[in-house]
>>> print(open('run_15.cif').read())   # mmCIF, C-alpha atoms
data_run
#
loop_
_atom_site.label_atom_id
_atom_site.label_comp_id
_atom_site.auth_asym_id
_atom_site.auth_seq_id
_atom_site.Cartn_x
_atom_site.Cartn_y
_atom_site.Cartn_z
CA MET A 1 48.93 32.13 19.69
CA MET A 2 46.10 33.07 17.35
CA HIS A 3 47.73 31.06 14.57
CA PHE A 4 47.89 28.00 16.88
CA LYS A 5 44.18 28.31 17.72
CA LYS A 6 43.22 28.49 14.04
CA THR A 7 45.37 25.47 13.25
CA LEU A 8 43.82 23.54 16.14
CA THR A 9 40.33 24.44 14.97
CA VAL A 10 41.09 23.20 11.45
CA LEU A 11 42.56 19.95 12.78
CA VAL A 12 39.54 19.31 15.00
CA GLY A 13 37.26 19.96 12.02
CA LEU A 14 39.19 17.53 9.85
CA LEU A 15 39.22 14.87 12.55
CA THR A 16 35.47 15.26 13.11
CA ALA A 17 34.72 15.02 9.40
CA GLY A 18 37.03 12.02 9.10
CA SER A 19 35.35 10.30 12.04
CA LEU A 20 31.92 10.82 10.54
CA PHE A 21 33.10 9.44 7.23
CA ALA A 22 34.69 6.41 8.88
CA ALA A 23 31.54 5.75 10.91
CA GLN A 24 29.21 5.76 7.90
CA LEU A 25 27.64 2.34 7.67
CA LYS A 26 27.30 0.62 4.32
CA VAL A 27 24.15 -1.48 4.05
CA GLY A 28 23.26 -3.77 1.15
CA LEU A 29 19.78 -5.20 0.55
CA VAL A 30 18.91 -8.20 -1.63
CA ALA A 31 15.27 -8.46 -2.78
CA ASP A 32 13.66 -11.28 -4.76
CA TYR A 33 12.33 -11.24 -8.31
CA ALA A 34 9.13 -9.41 -7.34
CA GLY A 35 11.22 -6.22 -7.31
CA LEU A 36 11.56 -3.21 -5.04
CA ASN A 37 8.32 -1.65 -6.28
CA ASP A 38 6.03 -4.61 -5.65
CA ARG A 39 3.80 -2.33 -3.51
CA SER A 40 4.02 -5.02 -0.86
CA PHE A 41 6.66 -6.91 1.15
CA ASN A 42 9.82 -5.87 -0.72
CA GLN A 43 8.80 -2.26 -0.99
CA ILE A 44 8.08 -1.70 2.69
CA THR A 45 11.40 -3.37 3.57
CA TYR A 46 13.25 -1.14 1.12
CA GLU A 47 11.53 1.91 2.64
CA GLY A 48 13.31 1.12 5.91
CA LEU A 49 16.66 1.31 4.09
CA VAL A 50 15.74 4.62 2.49
CA GLN A 51 14.65 6.00 5.87
CA ALA A 52 18.01 4.97 7.36
CA GLU A 53 19.82 6.76 4.53
CA GLN A 54 17.84 9.94 5.14
CA GLU A 55 17.81 9.96 8.94
CA LEU A 56 20.92 8.04 9.96
CA GLY A 57 23.29 8.99 7.16
CA ILE A 58 24.14 5.46 6.07
CA LYS A 59 24.99 4.42 2.52
CA GLY A 60 22.38 1.99 1.22
CA THR A 61 22.42 -0.15 -1.92
CA ALA A 62 19.65 -2.48 -3.08
CA VAL A 63 19.70 -5.19 -5.75
CA VAL A 64 16.98 -7.42 -7.16
CA ALA A 65 17.89 -11.09 -7.61
CA LYS A 66 16.55 -12.50 -10.86
CA SER A 67 16.31 -16.02 -9.41
CA GLY A 68 17.05 -18.03 -6.30
CA SER A 69 20.51 -18.88 -7.58
CA ASP A 70 21.39 -15.17 -7.42
CA TYR A 71 20.70 -14.73 -3.69
CA LEU A 72 24.06 -15.94 -2.40
CA PRO A 73 26.26 -14.27 -5.06
CA ASN A 74 24.64 -10.90 -4.36
CA MET A 75 25.15 -11.27 -0.63
CA VAL A 76 28.76 -12.33 -1.14
CA ARG A 77 29.33 -9.34 -3.43
CA PHE A 78 28.19 -6.99 -0.67
CA ALA A 79 30.29 -8.76 1.98
CA ARG A 80 33.42 -8.65 -0.19
CA GLY A 81 32.70 -5.00 -0.97
CA GLY A 82 33.10 -4.02 2.65
CA TYR A 83 29.43 -3.61 3.51
CA ASP A 84 28.76 -3.62 7.25
CA LEU A 85 25.25 -5.09 7.04
CA VAL A 86 23.66 -7.28 4.37
CA ILE A 87 19.87 -7.71 4.38
CA GLY A 88 18.01 -10.63 2.80
CA VAL A 89 14.29 -10.08 2.24
CA GLY A 90 12.12 -13.09 2.86
CA PHE A 91 11.97 -16.77 3.77
CA LEU A 92 13.30 -17.89 0.39
CA MET A 93 16.72 -16.42 1.23
CA THR A 94 17.16 -18.47 4.42
CA ASP A 95 19.79 -20.92 3.15
CA ALA A 96 21.72 -18.29 1.19
CA ILE A 97 22.01 -15.79 4.03
CA LYS A 98 22.99 -18.45 6.55
CA GLU A 99 25.78 -19.61 4.25
CA ALA A 100 26.93 -16.06 3.56
CA ALA A 101 26.98 -15.22 7.28
CA GLN A 102 29.10 -18.27 8.02
CA GLN A 103 31.51 -17.43 5.18
CA TYR A 104 31.91 -13.80 6.28
CA PRO A 105 31.87 -13.68 10.10
CA ASP A 106 33.06 -10.05 10.18
CA THR A 107 29.99 -8.86 8.25
CA LYS A 108 26.60 -8.51 9.93
CA PHE A 109 23.50 -9.97 8.27
CA LEU A 110 19.76 -9.45 8.72
CA LEU A 111 17.11 -11.86 7.41
CA ILE A 112 13.56 -10.61 7.20
CA ASP A 113 10.72 -13.01 8.05
CA MET A 114 12.36 -16.27 9.11
CA PRO A 115 13.93 -17.23 12.47
CA ILE A 116 17.50 -18.54 12.55
CA GLY A 117 19.54 -18.93 15.71
CA GLY A 118 23.11 -19.89 16.50
CA VAL A 119 24.90 -17.63 14.00
CA PRO A 120 26.60 -14.78 15.94
CA ASN A 121 26.64 -12.29 13.07
CA LEU A 122 23.08 -13.00 11.88
CA SER A 123 19.93 -11.27 13.15
CA THR A 124 16.51 -12.51 12.05
CA ALA A 125 13.40 -10.36 12.23
CA ILE A 126 10.13 -12.21 12.53
CA PHE A 127 6.67 -10.73 12.76
CA ALA A 128 3.62 -11.87 14.71
CA SER A 129 1.59 -11.89 11.52
CA GLN A 130 -0.87 -14.32 13.09
CA GLU A 131 -1.96 -11.48 15.41
CA ILE A 132 -2.83 -9.02 12.67
CA SER A 133 -4.39 -11.64 10.42
CA PHE A 134 -6.56 -12.67 13.40
CA LEU A 135 -7.82 -9.08 13.43
CA ALA A 136 -8.41 -9.17 9.67
CA GLY A 137 -10.36 -12.41 9.98
CA ALA A 138 -12.42 -11.05 12.84
CA LEU A 139 -13.21 -7.88 10.89
CA ALA A 140 -14.15 -9.85 7.78
CA ALA A 141 -16.48 -12.09 9.80
CA MET A 142 -18.13 -9.15 11.56
CA VAL A 143 -18.71 -7.29 8.29
CA ASP A 144 -20.09 -10.47 6.70
CA GLN A 145 -22.34 -11.17 9.69
CA ASP A 146 -23.79 -7.66 10.09
CA LYS A 147 -26.40 -7.32 7.35
CA SER A 148 -26.82 -3.62 8.10
CA VAL A 149 -23.33 -2.95 6.69
CA ASN A 150 -23.74 -1.23 3.33
CA LEU A 151 -20.77 -2.68 1.46
CA PRO A 152 -20.64 -4.89 -1.68
CA ILE A 153 -20.99 -8.28 0.02
CA ARG A 154 -23.68 -10.98 0.09
CA HIS A 155 -23.50 -11.70 3.86
CA ASN A 156 -23.45 -15.42 3.13
CA GLY A 157 -20.87 -16.69 5.63
CA VAL A 158 -18.06 -17.20 3.08
CA ILE A 159 -14.68 -15.43 2.97
CA SER A 160 -11.37 -16.50 1.45
CA VAL A 161 -7.58 -16.23 1.04
CA VAL A 162 -5.40 -16.14 -2.07
CA ALA A 163 -1.95 -17.24 -0.90
CA GLY A 164 1.40 -17.23 -2.69
CA MET A 165 3.79 -20.09 -2.08
CA GLN A 166 3.13 -22.65 0.63
CA ILE A 167 5.85 -21.53 3.04
CA PRO A 168 5.78 -20.97 6.83
CA PRO A 169 5.33 -17.15 6.80
CA VAL A 170 2.29 -17.46 4.53
CA ASP A 171 0.75 -20.29 6.55
CA ILE A 172 1.24 -18.35 9.79
CA TYR A 173 -0.65 -15.43 8.26
CA MET A 174 -3.46 -17.76 7.20
CA ALA A 175 -3.61 -19.45 10.59
CA GLY A 176 -4.50 -16.20 12.29
CA TYR A 177 -7.11 -15.32 9.68
CA PHE A 178 -8.93 -18.61 10.15
CA GLN A 179 -8.92 -18.24 13.94
CA GLY A 180 -10.09 -14.62 13.86
CA ALA A 181 -12.98 -15.43 11.56
CA ARG A 182 -14.13 -18.36 13.73
CA HIS A 183 -13.74 -16.20 16.87
CA ILE A 184 -16.66 -14.17 15.52
CA ASN A 185 -18.62 -16.80 13.60
CA PRO A 186 -17.99 -20.48 14.48
CA ASN A 187 -19.73 -21.55 11.28
CA ILE A 188 -17.99 -19.29 8.77
CA LYS A 189 -16.43 -20.89 5.69
CA VAL A 190 -12.92 -19.76 4.70
CA LEU A 191 -11.78 -20.84 1.24
CA TYR A 192 -8.09 -20.68 0.33
CA GLY A 193 -5.66 -21.60 -2.41
CA TYR A 194 -1.94 -21.31 -3.18
CA THR A 195 -0.94 -19.66 -6.45
CA GLY A 196 2.64 -20.92 -6.22
CA THR A 197 4.12 -17.52 -7.06
CA PHE A 198 4.62 -14.04 -5.63
CA GLY A 199 5.12 -12.28 -8.95
CA ASP A 200 2.11 -12.90 -11.22
CA PRO A 201 -0.89 -10.56 -10.73
CA ALA A 202 -2.83 -12.29 -13.52
CA VAL A 203 -2.78 -15.56 -11.57
CA GLY A 204 -3.84 -13.77 -8.39
CA LYS A 205 -6.73 -12.16 -10.21
CA GLN A 206 -7.95 -15.50 -11.54
CA PHE A 207 -7.79 -17.13 -8.10
CA ALA A 208 -9.77 -14.25 -6.60
CA LEU A 209 -12.44 -14.48 -9.29
CA THR A 210 -12.73 -18.24 -8.74
CA GLN A 211 -13.21 -17.75 -5.00
CA HIS A 212 -15.70 -14.95 -5.64
CA SER A 213 -17.69 -17.28 -7.89
CA LYS A 214 -17.82 -19.71 -4.95
CA GLY A 215 -19.42 -17.10 -2.70
CA SER A 216 -16.53 -15.14 -1.22
CA ASP A 217 -16.96 -11.38 -1.23
CA ILE A 218 -13.99 -10.71 1.07
CA VAL A 219 -10.71 -12.03 -0.35
CA TYR A 220 -7.49 -11.70 1.67
CA GLN A 221 -4.38 -11.51 -0.50
CA LEU A 222 -1.23 -13.14 0.90
CA ALA A 223 0.69 -13.37 -2.33
CA GLY A 224 2.96 -10.32 -2.63
CA GLY A 225 3.00 -9.02 -6.22
CA THR A 226 0.59 -11.79 -7.25
CA GLY A 227 -1.85 -10.36 -4.71
CA LEU A 228 -2.08 -7.11 -6.66
CA GLY A 229 -4.28 -9.05 -9.05
CA VAL A 230 -6.61 -9.92 -6.17
CA ILE A 231 -7.11 -6.25 -5.37
CA GLN A 232 -7.60 -5.43 -9.04
CA ALA A 233 -10.25 -8.16 -9.32
CA SER A 234 -12.11 -6.75 -6.31
CA LYS A 235 -12.07 -3.29 -7.86
CA GLU A 236 -13.25 -4.41 -11.30
CA ASN A 237 -15.93 -6.78 -10.00
CA ASN A 238 -17.00 -4.77 -6.93
CA PHE A 239 -16.29 -7.02 -3.99
CA LEU A 240 -13.94 -6.55 -1.04
CA SER A 241 -10.28 -7.45 -0.67
CA ILE A 242 -7.80 -7.29 2.19
CA GLY A 243 -4.26 -6.07 1.56
CA ALA A 244 -1.09 -7.42 3.14
CA ASP A 245 2.42 -6.38 4.17
CA SER A 246 1.65 -2.66 3.72
CA ASP A 247 -1.43 -0.42 3.54
CA GLN A 248 -2.85 -1.14 0.07
CA ALA A 249 -6.06 0.87 0.32
CA TYR A 250 -4.77 3.37 -2.27
CA LEU A 251 -4.91 0.63 -4.92
CA ALA A 252 -8.71 0.37 -4.62
CA PRO A 253 -10.07 2.86 -2.04
CA ASN A 254 -13.65 1.63 -2.37
CA ASN A 255 -12.84 -2.07 -2.18
CA VAL A 256 -9.93 -2.69 0.23
CA LEU A 257 -11.55 -3.52 3.57
CA THR A 258 -8.29 -3.18 5.50
CA SER A 259 -4.63 -4.22 5.20
CA THR A 260 -2.36 -6.16 7.52
CA SER A 261 1.15 -4.77 7.72
CA LYS A 262 4.38 -6.43 8.72
CA LEU A 263 6.40 -3.30 9.41
CA CYS A 264 9.60 -4.61 7.86
CA ASN A 265 10.75 -1.01 7.50
CA VAL A 266 10.75 -0.73 11.31
CA ALA A 267 12.89 -3.87 11.61
CA VAL A 268 15.42 -2.60 9.05
CA PHE A 269 15.62 0.90 10.51
CA GLN A 270 15.92 -0.27 14.11
CA THR A 271 18.59 -2.86 13.24
CA ILE A 272 20.70 -0.22 11.50
CA LYS A 273 20.20 2.23 14.35
CA ARG A 274 21.31 -0.40 16.87
CA MET A 275 24.37 -1.14 14.74
CA GLN A 276 25.35 2.54 14.77
CA ALA A 277 25.19 2.40 18.56
CA GLY A 278 27.33 -0.75 18.60
CA GLU A 279 24.40 -2.88 19.75
CA PHE A 280 23.82 -5.38 16.94
CA GLN A 281 21.38 -8.04 18.20
CA SER A 282 21.96 -11.50 16.79
CA GLY A 283 19.41 -14.28 16.91
CA VAL A 284 15.63 -13.88 16.65
CA VAL A 285 13.98 -10.49 17.19
CA VAL A 286 10.16 -10.56 17.35
CA TYR A 287 8.00 -7.66 16.18
CA ASP A 288 4.38 -7.92 17.37
CA LEU A 289 1.31 -5.81 18.15
CA LYS A 290 2.67 -4.89 21.56
CA SER A 291 5.99 -3.61 20.17
CA GLY A 292 4.35 -1.86 17.20
CA GLY A 293 6.05 -4.09 14.66
CA VAL A 294 2.78 -5.20 13.05
CA ASP A 295 -0.59 -3.52 12.67
CA VAL A 296 -3.82 -3.29 10.70
CA SER A 297 -4.93 -0.30 8.66
CA PRO A 298 -8.15 1.59 9.38
CA ALA A 299 -11.23 -0.14 8.03
CA ILE A 300 -12.88 1.11 4.86
CA LYS A 301 -15.52 3.82 5.11
CA GLY A 302 -18.89 2.19 5.72
CA VAL A 303 -17.78 -0.10 8.53
CA PRO A 304 -19.74 1.08 11.58
CA ALA A 305 -18.15 2.19 14.86
CA SER A 306 -19.69 -0.79 16.65
CA ILE A 307 -17.47 -3.10 14.57
CA THR A 308 -14.30 -1.00 14.73
CA ASN A 309 -14.71 -0.63 18.51
CA HIS A 310 -15.12 -4.40 18.87
CA LEU A 311 -12.04 -4.91 16.73
CA GLU A 312 -10.02 -2.54 18.92
CA GLN A 313 -11.06 -4.51 21.99
CA ILE A 314 -9.93 -7.74 20.33
CA LYS A 315 -6.58 -6.05 19.55
CA GLN A 316 -6.13 -5.06 23.19
CA ASP A 317 -7.07 -8.59 24.29
CA ILE A 318 -4.33 -10.01 22.06
CA ILE A 319 -1.77 -7.52 23.39
CA ALA A 320 -2.75 -8.33 26.97
CA GLY A 321 -2.59 -12.07 26.33
CA ARG A 322 -6.29 -12.65 26.95
CA ILE A 323 -6.59 -14.00 23.39
CA LYS A 324 -3.90 -16.48 22.33
CA VAL A 325 -3.34 -16.85 18.59
CA SER A 326 -1.75 -20.04 17.28
CA MET A 327 0.66 -20.05 14.34
CA GLU A 328 -0.76 -23.39 13.16
CA ILE A 329 -3.53 -23.70 10.57
CA PRO A 330 -6.52 -25.31 12.31
CA GLU A 331 -7.47 -28.80 11.16
CA TRP A 332 -10.98 -27.69 10.22
CA ALA A 333 -9.56 -25.13 7.82
CA LYS A 334 -7.44 -27.58 5.84
CA ALA A 335 -10.56 -29.17 4.35
CA GLN A 336 -11.53 -25.86 2.73
CA ASN A 337 -8.55 -25.61 0.38
CA GLN A 338 -10.04 -24.75 -3.00
#
>>> encode(input="run_15.cif", output="C-alpha cells")
Amino acid sequence: MMHFKKTLTVLVGLLTAGSLFAAQLKVGLVADYAGLNDRSFNQITYEGLVQAEQELGIKGTAVVAKSGSDYLPNMVRFARGGYDLVIGVGFLMTDAIKEAAQQYPDTKFLLIDMPIGGVPNLSTAIFASQEISFLAGALAAMVDQDKSVNLPIRHNGVISVVAGMQIPPVDIYMAGYFQGARHINPNIKVLYGYTGTFGDPAVGKQFALTQHSKGSDIVYQLAGGTGLGVIQASKENNFLSIGADSDQAYLAPNNVLTSTSKLCNVAVFQTIKRMQAGEFQSGVVVYDLKSGGVDVSPAIKGVPASITNHLEQIKQDIIAGRIKVSMEIPEWAKAQNQ
C-alpha cells in the first residue's frame, strides 16, 4: 500500500510538471531599427515582455528588424517556430503583422500603437496619447506663463515639438499638446517639425536647437531615439525638454520638465496574462488615463504646487469627461510648422 502511494505521488508530480511545461507560453517580439535599448518606445514595450517572463513564467524572445522589409520575415519565423503570441512594436509594422496574422490563424498577434479590426487572432493596443500630451501642453503653458517660476525659460509664449515621422500616432500626440497649451494660454505659439526618423539623435538635437533659437525654451520630443538628441540639447544649452513614451527625467534631471508615457509594458503584460487565462482579446483595446494605460511623470523640481494642483484637476476633468481632447491637429497649429 505504501509503495502504491509513493508511486501515485511521483506520477502526480510528473503530471503537474508536464502540465506546467506544456502551458508555458512562447512570446516573440519584433522591434524596429531603433533597438530594444532606445530608452523610449521600444524599451518600455520590451520591459513588459521581461516582466511577463519573470512573473508569469513565459518564454520570451525579442529581435530587432534592421529594416521594414524584415518585419514580416521575423514574424513568420516566430509563427513557424510554434510561438503562441507574436508582438509587433509600432505603427510601421501594421501591414506586416496583418499579413502574418492572416497567414497563421492559429497564432495570436499583438500590434502596439495602431488599431486594426476584423482579424480574429490579432489584438491591437492603442493609447490615448492625446490625453497625456494635453497635460504636457497645459503644464508647459502654465510654466511659461508664470514668471515667478525659477526655471531656465524666457516666459515668452513660445513652446515647441520635435516629431519623428509624420504618422498617425505622432500626430495624435501633437494634437493633444496643442490643445493643452491653448487651454491655458489662447495666444501661445507652438512650433513643430518632423525629423523623418526615429533613430538619429544628432538630427533631433539640431531640430531642438533650431526651435530654441526661435524662442522655444520647452521642447517636447516625439521622435523615439531621435528625441534623445532633444533632451541632450536641453541639457547642454540649459533649456527645458519633455520626454515621451517613458519617464526620461534621468537623462537630464535638471532639464526634463516632465514625460508622457504610453505604458506599452502594461499592454504587453496584460495581453499575455489574459492569454494564460484563455481570454485573448482580439480587436482594439484602448489604454487611457482612466484605465492607467497612459500617464505623465511628476514635474521637475521648481514647479510650484499651484501649477501641479491645477494640472491634477485638469487630469481629473479629462478622466471624468469634462474636458474632451481631440485626436486631430487643430487648424491653427498647422501654420506653425517650422
>>> atom_distance(input="run_15.cif", atom1="CA of Asn337 (chain A)", atom2="CA of Ser297 (chain A)")
26.9 Å
>>> residues_around(input="run_15.cif", residues="region 285-295 of chain A", least_positions_apart="5", cutoff="6 Å", atoms="only C-alpha atoms", output="JSON, numbers by chain")
{"A": [125, 126, 127, 128, 132, 261, 262, 263, 319]}
>>> write_last_selection(input="run_15.cif", atoms="C-alpha atoms", output="PDB file, keeping the file's coordinate frame")
ATOM      1  CA  ALA A 125      13.400 -10.360  12.230  1.00  0.00           C
ATOM      2  CA  ILE A 126      10.130 -12.210  12.530  1.00  0.00           C
ATOM      3  CA  PHE A 127       6.670 -10.730  12.760  1.00  0.00           C
ATOM      4  CA  ALA A 128       3.620 -11.870  14.710  1.00  0.00           C
ATOM      5  CA  ILE A 132      -2.830  -9.020  12.670  1.00  0.00           C
ATOM      6  CA  SER A 261       1.150  -4.770   7.720  1.00  0.00           C
ATOM      7  CA  LYS A 262       4.380  -6.430   8.720  1.00  0.00           C
ATOM      8  CA  LEU A 263       6.400  -3.300   9.410  1.00  0.00           C
ATOM      9  CA  ILE A 319      -1.770  -7.520  23.390  1.00  0.00           C
TER      10      ILE A 319
END
>>> closest_residue(input="run_15.cif", among="A:Glu99, A:Lys301, A:Leu222, A:Tyr192", to="Ala335 (chain A)", atoms="all atoms listed in the file")
A:Tyr192
>>> residues_near_point(input="run_15.cif", point="(9.3, -1.7, -8.0)", cutoff="12 Å", atoms="only C-alpha atoms", output="PyMOL selection string")
chain A and resi 31-47+62-64+199+224-225
>>> write_last_selection(input="run_15.cif", atoms="C-alpha atoms", output="PDB file, in the coordinates of the input")
ATOM      1  CA  ALA A  31      15.270  -8.460  -2.780  1.00  0.00           C
ATOM      2  CA  ASP A  32      13.660 -11.280  -4.760  1.00  0.00           C
ATOM      3  CA  TYR A  33      12.330 -11.240  -8.310  1.00  0.00           C
ATOM      4  CA  ALA A  34       9.130  -9.410  -7.340  1.00  0.00           C
ATOM      5  CA  GLY A  35      11.220  -6.220  -7.310  1.00  0.00           C
ATOM      6  CA  LEU A  36      11.560  -3.210  -5.040  1.00  0.00           C
ATOM      7  CA  ASN A  37       8.320  -1.650  -6.280  1.00  0.00           C
ATOM      8  CA  ASP A  38       6.030  -4.610  -5.650  1.00  0.00           C
ATOM      9  CA  ARG A  39       3.800  -2.330  -3.510  1.00  0.00           C
ATOM     10  CA  SER A  40       4.020  -5.020  -0.860  1.00  0.00           C
ATOM     11  CA  PHE A  41       6.660  -6.910   1.150  1.00  0.00           C
ATOM     12  CA  ASN A  42       9.820  -5.870  -0.720  1.00  0.00           C
ATOM     13  CA  GLN A  43       8.800  -2.260  -0.990  1.00  0.00           C
ATOM     14  CA  ILE A  44       8.080  -1.700   2.690  1.00  0.00           C
ATOM     15  CA  THR A  45      11.400  -3.370   3.570  1.00  0.00           C
ATOM     16  CA  TYR A  46      13.250  -1.140   1.120  1.00  0.00           C
ATOM     17  CA  GLU A  47      11.530   1.910   2.640  1.00  0.00           C
ATOM     18  CA  ALA A  62      19.650  -2.480  -3.080  1.00  0.00           C
ATOM     19  CA  VAL A  63      19.700  -5.190  -5.750  1.00  0.00           C
ATOM     20  CA  VAL A  64      16.980  -7.420  -7.160  1.00  0.00           C
ATOM     21  CA  GLY A 199       5.120 -12.280  -8.950  1.00  0.00           C
ATOM     22  CA  GLY A 224       2.960 -10.320  -2.630  1.00  0.00           C
ATOM     23  CA  GLY A 225       3.000  -9.020  -6.220  1.00  0.00           C
TER      24      GLY A 225
END
>>> atom_distance(input="run_15.cif", atom1="CA of Ser213 (chain A)", atom2="CA of Asp144 (chain A)")
16.3 Å
>>> closest_residue(input="run_15.cif", among="A:Gly164, A:Gly68, A:Gly229, A:Gly82", to="Thr197 (chain A)", atoms="all atoms listed in the file")
A:Gly164
>>> residues_around(input="run_15.cif", residues="Gly176 (chain A)", least_positions_apart="4", cutoff="7 Å", atoms="only C-alpha atoms", output="number ranges by chain")
A: 130-131, 133-134, 172, 180, 325-327
>>> closest_residue(input="run_15.cif", among="A:Ala79, A:Met93, A:Ala249, A:Ile87", to="Leu122 (chain A)", atoms="all atoms listed in the file")
A:Ile87
